[in-house]
$ cat work_34.cif   # mmCIF, C-alpha atoms
data_start
loop_
_atom_site.label_atom_id
_atom_site.label_comp_id
_atom_site.auth_asym_id
_atom_site.auth_seq_id
_atom_site.Cartn_x
_atom_site.Cartn_y
_atom_site.Cartn_z
CA MET A 1 -12.59 20.87 59.52
CA ARG A 2 -9.12 19.60 58.66
CA TRP A 3 -7.94 23.05 57.60
CA VAL A 4 -9.39 24.59 60.76
CA LYS A 5 -7.32 22.12 62.75
CA LEU A 6 -4.21 22.81 60.69
CA CYS A 7 -4.58 26.54 61.08
CA ALA A 8 -5.03 26.19 64.81
CA ALA A 9 -1.88 24.10 64.94
CA ALA A 10 0.04 26.63 62.88
CA ALA A 11 -1.06 29.46 65.14
CA LEU A 12 0.05 27.54 68.21
CA CYS A 13 3.39 26.69 66.60
CA LEU A 14 4.02 30.36 65.95
CA THR A 15 2.99 31.30 69.48
CA LEU A 16 5.09 28.69 71.26
CA CYS A 17 8.20 28.73 69.11
CA GLY A 18 10.88 31.04 70.49
CA CYS A 19 13.56 30.08 68.00
CA THR A 20 15.45 32.53 65.86
CA PHE A 21 17.39 31.53 62.79
CA PHE A 22 19.82 34.42 62.51
CA SER A 23 22.74 35.86 64.44
CA PRO A 24 23.78 39.48 64.05
CA VAL A 25 26.72 39.79 61.67
CA ASN A 26 28.78 41.63 64.29
CA GLU A 27 28.59 38.58 66.56
CA LEU A 28 30.07 36.42 63.79
CA LEU A 29 33.05 38.66 63.06
CA SER A 30 36.36 38.40 64.87
CA ALA A 31 39.67 40.20 64.65
CA PRO A 32 41.92 38.75 61.93
CA VAL A 33 44.90 36.59 62.89
CA PHE A 34 47.79 37.03 60.44
CA SER A 35 50.01 34.21 59.20
CA ALA A 36 53.64 34.83 58.27
CA GLN A 37 52.62 35.20 54.62
CA ASP A 38 49.84 37.61 55.56
CA GLU A 39 52.25 39.72 57.64
CA ALA A 40 54.36 40.54 54.59
CA LEU A 41 51.22 41.26 52.63
CA ARG A 42 49.81 43.39 55.43
CA ARG A 43 52.93 45.56 55.52
CA ALA A 44 52.77 46.05 51.76
CA PHE A 45 49.05 46.76 51.93
CA GLU A 46 49.38 49.35 54.70
CA THR A 47 52.24 51.04 52.89
CA SER A 48 49.97 51.57 49.85
CA PHE A 49 46.49 51.88 51.41
CA GLY A 50 47.19 53.24 54.90
CA LYS A 51 47.21 51.81 58.41
CA ASN A 52 43.98 53.27 59.79
CA VAL A 53 41.70 50.61 58.35
CA GLN A 54 39.41 47.91 59.75
CA TYR A 55 39.98 44.51 58.19
CA LYS A 56 36.80 42.59 57.29
CA ALA A 57 37.00 38.80 57.11
CA PRO A 58 34.30 36.75 55.30
CA VAL A 59 31.87 35.11 57.72
CA SER A 60 31.33 31.87 55.75
CA GLY A 61 32.80 29.71 53.03
CA GLN A 62 36.32 28.47 52.32
CA TYR A 63 38.07 31.81 52.78
CA LEU A 64 37.78 33.18 56.31
CA SER A 65 40.63 35.68 56.30
CA ALA A 66 40.55 39.34 55.29
CA PHE A 67 43.54 38.45 53.09
CA VAL A 68 42.83 36.12 50.13
CA VAL A 69 45.96 34.99 48.28
CA GLU A 70 45.63 32.94 45.07
CA ASP A 71 47.02 32.75 41.55
CA LEU A 72 43.83 34.27 40.18
CA ASP A 73 44.95 34.98 36.61
CA ALA A 74 46.92 31.72 36.10
CA ASP A 75 50.20 33.57 35.37
CA GLY A 76 52.25 31.61 37.92
CA ASP A 77 52.41 34.49 40.41
CA MET A 78 50.17 35.11 43.39
CA GLU A 79 47.59 37.86 43.57
CA ALA A 80 45.88 39.17 46.71
CA LEU A 81 42.52 40.61 47.65
CA VAL A 82 42.27 42.48 50.95
CA PHE A 83 38.88 43.34 52.45
CA TYR A 84 38.71 46.41 54.66
CA GLN A 85 36.85 49.55 55.66
CA PRO A 86 39.07 52.54 54.92
CA ASP A 87 37.84 54.74 57.77
CA SER A 88 35.15 55.04 60.43
CA PHE A 89 33.02 57.24 58.17
CA THR A 90 32.66 54.61 55.43
CA SER A 91 30.50 51.54 56.10
CA THR A 92 30.99 49.90 52.71
CA VAL A 93 33.77 47.33 52.46
CA HIS A 94 36.54 48.06 49.97
CA ILE A 95 38.75 45.58 48.13
CA GLY A 96 42.47 46.22 47.91
CA VAL A 97 43.97 44.49 44.87
CA LEU A 98 47.67 43.57 44.89
CA ASP A 99 49.92 41.62 42.53
CA ARG A 100 53.21 39.92 43.36
CA ALA A 101 55.97 40.92 41.00
CA ASN A 102 59.76 40.58 41.39
CA GLY A 103 59.29 39.10 44.86
CA ALA A 104 57.31 42.03 46.24
CA TRP A 105 53.64 43.01 46.55
CA GLU A 106 52.48 45.93 44.43
CA ARG A 107 49.17 47.77 44.53
CA THR A 108 47.22 47.42 41.27
CA GLY A 109 43.74 48.63 42.21
CA GLU A 110 41.02 49.39 44.71
CA LEU A 111 37.30 48.55 44.35
CA GLU A 112 34.23 49.42 46.36
CA GLY A 113 32.31 46.35 47.51
CA GLY A 114 28.58 45.74 47.64
CA GLY A 115 27.87 45.83 51.38
CA SER A 116 29.07 46.53 54.88
CA ASP A 117 30.24 42.96 55.54
CA VAL A 118 31.82 40.24 53.43
CA TYR A 119 29.65 37.13 53.48
CA SER A 120 31.71 34.77 51.30
CA VAL A 121 34.42 34.53 48.64
CA GLU A 122 34.43 31.89 45.88
CA MET A 123 36.87 31.23 43.03
CA GLU A 124 35.24 29.38 40.12
CA ASP A 125 36.07 28.84 36.46
CA LEU A 126 32.49 29.37 35.31
CA ASP A 127 32.99 28.87 31.57
CA ALA A 128 35.86 26.32 31.65
CA ASP A 129 38.28 28.64 29.84
CA GLY A 130 41.09 28.11 32.36
CA GLN A 131 40.54 31.54 33.91
CA GLN A 132 38.91 31.85 37.31
CA GLU A 133 36.08 34.19 38.13
CA VAL A 134 35.73 35.67 41.61
CA ILE A 135 32.29 35.59 43.25
CA LEU A 136 32.03 37.97 46.20
CA CYS A 137 28.90 38.03 48.36
CA TRP A 138 28.02 40.87 50.72
CA ASN A 139 25.61 41.15 53.63
CA ILE A 140 23.21 44.06 53.35
CA GLN A 141 20.25 42.91 55.49
CA GLU A 142 18.93 39.83 57.28
CA ASN A 143 17.47 37.90 54.33
CA THR A 144 19.16 39.61 51.41
CA ARG A 145 22.71 39.68 50.10
CA VAL A 146 24.47 41.14 47.09
CA MET A 147 26.48 38.92 44.74
CA SER A 148 29.24 40.49 42.65
CA VAL A 149 30.92 38.44 39.90
CA TYR A 150 34.34 39.56 38.68
CA ALA A 151 36.60 38.49 35.83
CA CYS A 152 40.36 38.43 36.38
CA ALA A 153 42.75 40.16 34.01
CA SER A 154 46.56 40.34 33.83
CA GLY A 155 49.15 42.94 33.03
CA PRO A 156 48.79 44.36 35.65
CA PHE A 157 46.34 42.18 37.56
CA THR A 158 42.85 43.67 37.93
CA LEU A 159 39.27 42.65 38.68
CA ALA A 160 36.54 43.61 36.21
CA ARG A 161 32.98 43.48 37.52
CA LEU A 162 30.72 41.40 35.28
CA SER A 163 27.48 41.63 37.25
CA GLU A 164 25.95 42.56 40.57
CA SER A 165 22.59 41.35 41.85
CA ARG A 166 20.67 40.74 45.04
CA TYR A 167 19.84 37.24 46.22
CA SER A 168 18.69 35.32 49.28
CA LYS A 169 20.12 31.87 48.49
CA LYS A 170 22.54 30.66 45.82
CA LEU A 171 24.31 27.58 44.49
CA VAL A 172 27.11 27.29 41.93
CA ALA A 173 26.95 23.98 40.05
CA ASP A 174 27.02 22.39 36.59
CA LEU A 175 23.26 21.95 36.26
CA ASP A 176 23.33 20.29 32.84
CA ASP A 177 26.67 18.39 32.87
CA ASP A 178 28.11 20.36 29.95
CA GLY A 179 31.33 21.27 31.76
CA HIS A 180 30.25 24.86 32.46
CA LEU A 181 29.04 26.10 35.83
CA GLU A 182 25.73 27.87 36.34
CA ILE A 183 24.79 30.15 39.23
CA PHE A 184 21.37 29.38 40.69
CA THR A 185 19.82 32.05 42.91
CA ILE A 186 16.61 32.66 44.81
CA SER A 187 15.69 36.26 45.54
CA LEU A 188 13.11 37.75 47.87
CA VAL A 189 11.87 41.16 46.75
CA SER A 190 9.71 43.44 48.89
CA GLU A 191 7.82 46.21 47.11
CA ALA A 192 4.81 48.30 48.13
CA GLY A 193 4.16 46.22 51.23
CA SER A 194 4.20 42.84 49.46
CA GLN A 195 6.92 40.27 48.88
CA THR A 196 7.67 38.10 45.88
CA ALA A 197 10.24 35.37 45.29
CA GLN A 198 12.06 34.45 42.12
CA ALA A 199 14.46 31.69 41.05
CA ARG A 200 17.04 32.40 38.34
CA VAL A 201 19.78 30.54 36.49
CA LEU A 202 22.80 32.63 35.44
CA ARG A 203 25.67 31.72 33.13
CA LYS A 204 28.88 33.43 32.02
CA THR A 205 28.81 34.27 28.31
CA PRO A 206 31.11 36.32 26.06
CA VAL A 207 29.10 39.43 26.95
CA GLY A 208 29.13 38.88 30.74
CA ILE A 209 26.74 37.15 33.14
CA SER A 210 23.44 36.37 31.42
CA VAL A 211 20.10 35.22 32.85
CA LEU A 212 19.17 31.96 31.13
CA ASP A 213 15.71 31.73 32.69
CA GLN A 214 13.69 32.64 35.76
CA CYS A 215 10.45 31.62 37.45
CA ALA A 216 8.24 32.76 40.33
CA LEU A 217 8.19 31.07 43.75
CA ASP A 218 6.03 31.42 46.86
CA GLY A 219 6.88 34.86 48.25
CA ARG A 220 5.15 34.37 51.60
CA ILE A 221 8.22 33.09 53.37
CA SER A 222 10.77 34.59 55.74
CA SER A 223 14.04 32.85 54.76
CA TYR A 224 15.58 29.76 53.20
CA ALA A 225 17.53 26.81 54.57
CA ASP A 226 20.20 24.97 52.57
CA LEU A 227 19.64 23.97 48.96
CA ILE A 228 19.73 20.33 47.79
CA LEU A 229 20.74 19.52 44.21
CA GLN A 230 19.61 16.31 42.48
CA LYS A 231 20.96 15.52 39.01
CA THR A 232 18.53 13.92 36.54
CA ASP A 233 18.71 12.57 32.97
CA SER A 234 17.14 15.79 31.69
CA GLY A 235 18.92 18.32 33.92
CA SER A 236 18.63 19.02 37.63
CA ILE A 237 16.10 19.43 40.43
CA LEU A 238 16.75 21.89 43.25
CA TYR A 239 15.00 21.60 46.61
CA ALA A 240 14.75 24.73 48.76
CA ASP A 241 13.37 24.39 52.28
CA ALA A 242 11.80 27.70 53.27
CA TYR A 243 10.57 29.09 56.59
CA LYS A 244 7.12 30.65 56.83
CA GLY A 245 7.43 32.56 60.06
CA GLU A 246 9.13 30.72 62.91
CA GLY A 247 7.05 27.56 63.04
CA GLN A 248 5.95 26.70 59.51
CA MET A 249 7.88 25.48 56.46
CA ILE A 250 7.49 24.55 52.82
CA THR A 251 9.83 22.97 50.28
CA GLU A 252 10.13 24.63 46.90
CA VAL A 253 10.93 22.26 44.02
CA ILE A 254 12.64 23.96 41.07
CA VAL A 255 13.25 21.96 37.87
CA TRP A 256 16.03 22.85 35.42
CA ASP A 257 15.47 21.41 31.93
CA ALA A 258 18.83 21.21 30.18
CA GLY A 259 17.28 20.63 26.76
CA THR A 260 15.28 23.87 26.76
CA SER A 261 17.44 25.83 29.26
CA THR A 262 14.35 26.65 31.32
CA ILE A 263 13.40 26.45 34.99
CA SER A 264 9.97 25.90 36.48
CA ALA A 265 8.33 25.47 39.88
CA PRO A 266 5.70 22.77 39.23
CA LEU A 267 4.31 22.78 42.79
CA LEU A 268 3.47 26.50 42.70
CA ASP A 269 -0.19 27.45 42.29
CA GLU A 270 -0.01 29.91 39.40
CA GLU A 271 -3.19 31.76 40.44
CA THR A 272 -2.27 32.38 44.08
CA LEU A 273 1.54 32.13 43.69
CA THR A 274 1.67 29.94 46.80
CA ASN A 275 2.93 26.43 47.50
CA GLU A 276 0.49 24.60 49.80
CA SER A 277 1.38 21.04 48.79
CA THR A 278 4.53 20.90 50.95
CA TRP A 279 3.29 22.98 53.89
CA ARG A 280 3.94 21.79 57.46
CA CYS A 281 3.77 23.45 60.88
CA ILE A 282 6.97 21.80 62.09
CA ARG A 283 10.62 22.65 61.45
CA VAL A 284 11.61 19.52 59.54
CA PHE A 285 13.77 19.56 56.41
CA CYS A 286 13.50 17.40 53.31
CA ARG A 287 16.03 14.57 53.26
CA ASP A 288 16.79 11.25 51.57
CA LEU A 289 15.15 8.80 53.99
CA ASN A 290 15.37 5.65 51.88
CA GLY A 291 18.80 6.14 50.31
CA ASP A 292 17.60 6.26 46.70
CA GLY A 293 19.45 9.50 45.91
CA ALA A 294 16.31 11.69 45.87
CA PRO A 295 15.15 13.61 48.94
CA GLU A 296 11.74 12.95 50.43
CA ILE A 297 9.67 16.06 51.14
CA PRO A 298 7.64 16.32 54.36
CA SER A 299 4.15 17.80 54.39
CA GLN A 300 1.37 17.97 56.95
CA LEU A 301 -1.30 15.41 56.18
CA GLU A 302 -3.94 15.14 58.92
CA LEU A 303 -4.55 14.32 62.56
CA LEU A 304 -4.29 10.76 63.72
CA GLU A 305 -7.57 8.88 63.67
CA GLY A 306 -9.94 8.88 66.63
CA GLU A 307 -8.80 12.14 68.21
CA GLY A 308 -11.69 14.50 67.67
CA GLU A 309 -10.72 18.17 67.90
CA TRP A 310 -7.08 19.24 67.83
CA THR A 311 -5.29 19.88 71.12
CA GLU A 312 -1.67 20.62 71.89
CA ASP A 313 -0.89 17.10 73.12
CA LEU A 314 -1.95 15.39 69.87
CA LEU A 315 0.14 14.67 66.77
CA PHE A 316 -0.21 15.20 63.05
CA ILE A 317 0.68 12.62 60.48
CA THR A 318 3.57 13.88 58.34
CA ARG A 319 3.68 12.50 54.81
CA TRP A 320 7.04 12.17 53.03
CA SER A 321 6.88 12.26 49.24
CA THR A 322 9.32 11.91 46.36
CA PHE A 323 9.05 14.38 43.49
CA ARG A 324 8.71 12.33 40.31
CA ASP A 325 7.33 13.17 36.84
CA GLY A 326 6.16 16.59 37.98
CA MET A 327 4.19 15.31 40.97
CA LEU A 328 4.63 14.35 44.62
CA GLU A 329 4.57 10.58 45.08
CA PRO A 330 3.90 9.51 48.72
CA VAL A 331 6.56 7.23 50.23
CA TYR A 332 6.06 7.24 54.02
CA GLN A 333 3.59 8.39 56.62
CA THR A 334 5.26 9.26 59.90
CA LEU A 335 4.95 10.90 63.27
CA VAL A 336 7.69 13.45 63.96
CA ASN A 337 9.34 14.44 67.22
CA GLU A 338 11.08 17.56 66.03
CA ASN A 339 12.54 18.36 69.47
CA CYS A 340 14.42 15.06 69.66
CA HIS A 341 14.89 14.54 65.91
CA TRP A 342 13.11 11.19 65.62
CA ILE A 343 10.38 9.95 63.31
CA PHE A 344 8.07 6.96 63.60
CA ARG A 345 7.28 5.36 60.25
CA ILE A 346 3.66 4.21 60.46
CA PRO A 347 3.39 0.56 59.30
CA ALA A 348 0.59 0.10 56.77
CA PRO A 349 -1.46 -2.31 58.98
CA TRP A 350 -1.52 0.30 61.76
CA ARG A 351 -3.59 2.86 59.81
CA GLY A 352 -6.87 3.53 61.61
CA ARG A 353 -5.96 1.29 64.55
CA PHE A 354 -3.99 3.61 66.86
CA THR A 355 -3.49 7.14 68.03
CA VAL A 356 -0.80 8.82 70.12
CA GLN A 357 -1.03 11.07 73.16
CA ARG A 358 2.11 13.06 73.82
CA GLU A 359 3.43 14.61 77.00
CA PRO A 360 5.85 17.33 75.82
CA GLN A 361 7.11 18.07 79.34
CA GLU A 362 8.91 14.71 79.49
CA GLU A 363 9.15 13.83 75.75
CA LYS A 364 6.83 10.86 76.11
CA TRP A 365 4.48 9.32 73.56
CA THR A 366 1.73 6.91 74.62
CA PHE A 367 0.34 4.76 71.80
CA ILE A 368 -3.36 3.95 72.25
CA ARG A 369 -5.38 1.22 70.56
CA ILE A 370 -8.38 2.36 68.48
CA ASP A 371 -11.32 0.28 67.35
CA PRO A 372 -11.16 0.53 63.53
CA LEU A 373 -14.96 0.35 63.24
CA THR A 374 -16.05 2.82 65.93
CA GLN A 375 -12.83 4.89 66.05
CA GLU A 376 -13.07 4.78 69.84
CA ARG A 377 -10.04 4.48 72.06
CA THR A 378 -9.74 1.27 74.04
CA ASP A 379 -6.48 0.78 75.96
CA ASN A 380 -2.81 1.68 75.88
CA LEU A 381 -0.50 -0.29 73.57
CA PHE A 382 2.90 0.94 74.81
CA SER A 383 4.78 4.11 75.75
CA VAL A 384 7.94 5.61 74.30
CA LEU A 385 10.46 7.92 75.96
CA PHE A 386 12.93 10.14 74.09
CA LEU A 387 15.92 10.85 76.32
CA ASP A 388 19.30 12.45 76.39
CA ARG A 389 21.78 9.59 76.40
CA ARG A 390 23.57 10.81 79.53
CA GLN A 391 20.28 10.95 81.44
CA TRP A 392 19.49 7.37 80.45
CA GLU A 393 22.95 6.03 81.32
CA LYS A 394 22.81 7.72 84.72
CA ASN A 395 19.38 6.27 85.63
CA ARG A 396 19.11 3.11 83.53
CA GLU A 397 19.24 0.81 86.57
CA SER A 398 16.72 2.82 88.59
CA THR A 399 14.21 5.13 86.92
CA TYR A 400 14.35 3.33 83.56
CA ALA A 401 14.89 -0.23 84.79
CA GLN A 402 11.58 -1.38 83.23
CA CYS A 403 12.35 0.19 79.85
CA THR A 404 13.81 -1.50 76.78
CA LEU A 405 16.25 0.31 74.49
CA LEU A 406 14.78 0.66 70.99
CA ARG A 407 17.18 2.94 69.12
CA GLU A 408 20.21 5.03 70.06
CA THR A 409 22.63 7.63 68.75
CA ASP A 410 25.71 9.15 70.35
CA SER A 411 23.51 11.73 72.07
CA GLU A 412 19.92 10.40 72.21
CA VAL A 413 18.02 7.20 72.97
CA VAL A 414 14.49 5.90 72.42
CA LEU A 415 13.06 3.64 75.15
CA VAL A 416 9.84 1.61 75.21
CA TYR A 417 7.86 0.09 78.06
CA GLY A 418 4.44 -1.42 78.79
CA ILE A 419 4.08 -3.27 75.47
CA GLN A 420 0.71 -5.05 75.12
CA THR A 421 0.12 -7.82 72.60
CA ASP A 422 -1.84 -6.95 69.48
CA GLU A 423 -1.83 -9.37 66.55
CA ALA A 424 -3.39 -6.89 64.12
CA LEU A 425 -0.48 -4.50 64.62
CA ASP A 426 2.15 -7.25 64.77
CA LEU A 427 3.38 -5.51 67.91
CA GLN A 428 6.95 -6.75 68.38
CA LEU A 429 10.24 -5.11 69.32
CA THR A 430 11.64 -5.75 65.84
CA VAL A 431 8.71 -3.88 64.27
CA LEU A 432 9.15 -0.91 66.61
CA ARG A 433 12.91 -0.75 66.07
CA GLU A 434 12.43 -0.63 62.30
CA ALA A 435 9.73 2.02 62.61
CA PHE A 436 11.80 4.58 64.56
CA ASP A 437 14.49 6.51 62.70
CA TYR A 438 16.82 9.40 63.61
CA ILE A 439 16.66 12.37 61.25
CA GLY A 440 19.11 14.70 62.98
CA GLU A 441 18.93 18.48 63.13
#
$ encode --input "work_34.cif" --output "structure tokens"
Amino acid sequence: MRWVKLCAAAALCLTLCGCTFFSPVNELLSAPVFSAQDEALRRAFETSFGKNVQYKAPVSGQYLSAFVVEDLDADGDMEALVFYQPDSFTSTVHIGVLDRANGAWERTGELEGGGSDVYSVEMEDLDADGQQEVILCWNIQENTRVMSVYACASGPFTLARLSESRYSKKLVADLDDDGHLEIFTISLVSEAGSQTAQARVLRKTPVGISVLDQCALDGRISSYADLILQKTDSGSILYADAYKGEGQMITEVIVWDAGTSTISAPLLDEETLTNESTWRCIRVFCRDLNGDGAPEIPSQLELLEGEGEWTEDLLFITRWSTFRDGMLEPVYQTLVNENCHWIFRIPAPWRGRFTVQREPQEEKWTFIRIDPLTQERTDNLFSVLFLDRRQWEKNRESTYAQCTLLRETDSEVVLVYGIQTDEALDLQLTVLREAFDYIGE
């Protein structure tokens, strides 16, 4: 019965949710604005490459200009990369390579990029040899990008491509604290009508960019949110929140073992290649709720007690767990208001003694007493309102005069009214204030 209820909830989430997580690349691009330094470079570039080009600025990351100027080969002189489309008939971005010698810019090369838009540019010394590598990422479709890794060479300055691969999410970090950087990627691959997902760890070696290890992930997802990295005594743990459609999510946990140079996904069911243990039908991300340095992972647990069949105005319990010793260890049970970004941590003595009726139209929760023996509802305990701060400040002396402020942020407030005494629940304002917490976007 529980899974029937969960599936019904998931279906409703997908039906009601009108959110979209992507913006077309063209909406993110804007015409480049040239600095004085870029003007001199632009003139030199157009003298060598031509004027009838469309400059293409990266859409994310540290470098947001079509002109990237750095001392890439550590020779004391600046080098430049210019991203552009050479003509209206070519959709692929090209890279103009220029070196500064004797006070002037000189053309030293031209490369064809990996996509029609530049997503990001990174400069990293991957193998700690004092020489930077250039990581260029290209947009090719909504959930997939291409990553090109280049080595820099002098005399004259050039870029040499070390590798090129598709990915959906990536992170560059020293996963094992050995002073060298690894590239962690997750890739979604669609073939013959099905989709698979794979995590990989890459490292620069004397022969190029090598794959140290890889493992399978749940492929039944649509995209990924940001990655979280947690360092451990034995390596690292990476947390990847993933969307399943528009209303459901999971969190993938990927463990990097520095001793064996291997990665694994311990929460993945190896027979079905799915991750059900962190599934939820709400858009809530994992986060460090208790400040211990490790994120807690939300998952859908069950309906509140005493509710009978699932309906839209009822709430699920969301369990938050810490990943420890290969398993999920429960930390909190909460109710989540994803629209207003608040959670209610359920105090242990409350289990089996209350339920909540919600009124989504006005962001109101009514807490109702339940007989722990019969599981029957008796009477209301109190009501909570989640409000925009400006709305509350405007009407605090009139509409909300009978309400008490529980918690507040710069933009939102939580109000309570109609509190009834209940010794079993220790129903006091201090208890309620400690139970509500803001989790942000």
$ residues_around --input "work_34.cif" --residues "range 37-43 of chain A" --least-positions-apart "6" --cutoff "10 Å" --atoms "only C-alpha atoms" --output "ChimeraX atom specification"
/A:49-51,65-69,80,82,98,100,104-106
$ resolve_selection --input "work_34.cif" --expression "the PyMOL selection byres ((chain A and resi 287) around 9)" --output "VMD selection string"
chain A and resid 228 285 to 286 288 to 289 294 to 298 439
$ write_last_selection --input "work_34.cif" --atoms "C-alpha atoms" --output "PDB file, keeping the file's coordinate frame"
ATOM      1  CA  ILE A 228      19.730  20.330  47.790  1.00  0.00           C
ATOM      2  CA  PHE A 285      13.770  19.560  56.410  1.00  0.00           C
ATOM      3  CA  CYS A 286      13.500  17.400  53.310  1.00  0.00           C
ATOM      4  CA  ASP A 288      16.790  11.250  51.570  1.00  0.00           C
ATOM      5  CA  LEU A 289      15.150   8.800  53.990  1.00  0.00           C
ATOM      6  CA  ALA A 294      16.310  11.690  45.870  1.00  0.00           C
ATOM      7  CA  PRO A 295      15.150  13.610  48.940  1.00  0.00           C
ATOM      8  CA  GLU A 296      11.740  12.950  50.430  1.00  0.00           C
ATOM      9  CA  ILE A 297       9.670  16.060  51.140  1.00  0.00           C
ATOM     10  CA  PRO A 298       7.640  16.320  54.360  1.00  0.00           C
ATOM     11  CA  ILE A 439      16.660  12.370  61.250  1.00  0.00           C
TER      12      ILE A 439
END
$ closest_residue --input "work_34.cif" --among "A:Ile95, A:Asp127, A:Thr196, A:Thr334" --to "Gly179 in chain A" --atoms "only C-alpha atoms"
A:Asp127
$ resolve_selection --input "work_34.cif" --expression "the PyMOL selection byres ((chain A and resi 162-178) around 7)" --output "list in words"
Asn143, Thr144, Arg145, Val146, Met147, Ser148, Val149, Tyr150, Ala151, Ala160, Arg161, Gly179, His180, Leu181, Glu182, Ile183, Phe184, Thr185, Ile186, Ser187, Leu188, Gly208, Ile209, Tyr224, Gly235, Ser236 and Ala258 of chain A
$ resolve_selection --input "work_34.cif" --expression "the PyMOL selection byres ((chain A and resi 385-400) around 10)" --output "PDB file with C-alpha atoms, in the coordinates of the input"
ATOM      1  CA  ASN A 337       9.340  14.440  67.220  1.00  0.00           C
ATOM      2  CA  ASN A 339      12.540  18.360  69.470  1.00  0.00           C
ATOM      3  CA  CYS A 340      14.420  15.060  69.660  1.00  0.00           C
ATOM      4  CA  HIS A 341      14.890  14.540  65.910  1.00  0.00           C
ATOM      5  CA  TRP A 342      13.110  11.190  65.620  1.00  0.00           C
ATOM      6  CA  GLU A 359       3.430  14.610  77.000  1.00  0.00           C
ATOM      7  CA  GLU A 362       8.910  14.710  79.490  1.00  0.00           C
ATOM      8  CA  GLU A 363       9.150  13.830  75.750  1.00  0.00           C
ATOM      9  CA  LYS A 364       6.830  10.860  76.110  1.00  0.00           C
ATOM     10  CA  TRP A 365       4.480   9.320  73.560  1.00  0.00           C
ATOM     11  CA  THR A 366       1.730   6.910  74.620  1.00  0.00           C
ATOM     12  CA  SER A 383       4.780   4.110  75.750  1.00  0.00           C
ATOM     13  CA  VAL A 384       7.940   5.610  74.300  1.00  0.00           C
ATOM     14  CA  ALA A 401      14.890  -0.230  84.790  1.00  0.00           C
ATOM     15  CA  GLN A 402      11.580  -1.380  83.230  1.00  0.00           C
ATOM     16  CA  CYS A 403      12.350   0.190  79.850  1.00  0.00           C
ATOM     17  CA  THR A 404      13.810  -1.500  76.780  1.00  0.00           C
ATOM     18  CA  LEU A 405      16.250   0.310  74.490  1.00  0.00           C
ATOM     19  CA  LEU A 406      14.780   0.660  70.990  1.00  0.00           C
ATOM     20  CA  ARG A 407      17.180   2.940  69.120  1.00  0.00           C
ATOM     21  CA  GLU A 408      20.210   5.030  70.060  1.00  0.00           C
ATOM     22  CA  THR A 409      22.630   7.630  68.750  1.00  0.00           C
ATOM     23  CA  ASP A 410      25.710   9.150  70.350  1.00  0.00           C
ATOM     24  CA  SER A 411      23.510  11.730  72.070  1.00  0.00           C
ATOM     25  CA  GLU A 412      19.920  10.400  72.210  1.00  0.00           C
ATOM     26  CA  VAL A 413      18.020   7.200  72.970  1.00  0.00           C
ATOM     27  CA  VAL A 414      14.490   5.900  72.420  1.00  0.00           C
ATOM     28  CA  LEU A 415      13.060   3.640  75.150  1.00  0.00           C
ATOM     29  CA  VAL A 416       9.840   1.610  75.210  1.00  0.00           C
ATOM     30  CA  TYR A 417       7.860   0.090  78.060  1.00  0.00           C
TER      31      TYR A 417
END
$ atom_distance --input "work_34.cif" --atom1 "CA of Gln131 in chain A" --atom2 "CA of Thr158 in chain A"
13.0 Å
$ atom_distance --input "work_34.cif" --atom1 "CA of Ile250 in chain A" --atom2 "CA of Ala192 in chain A"
24.4 Å
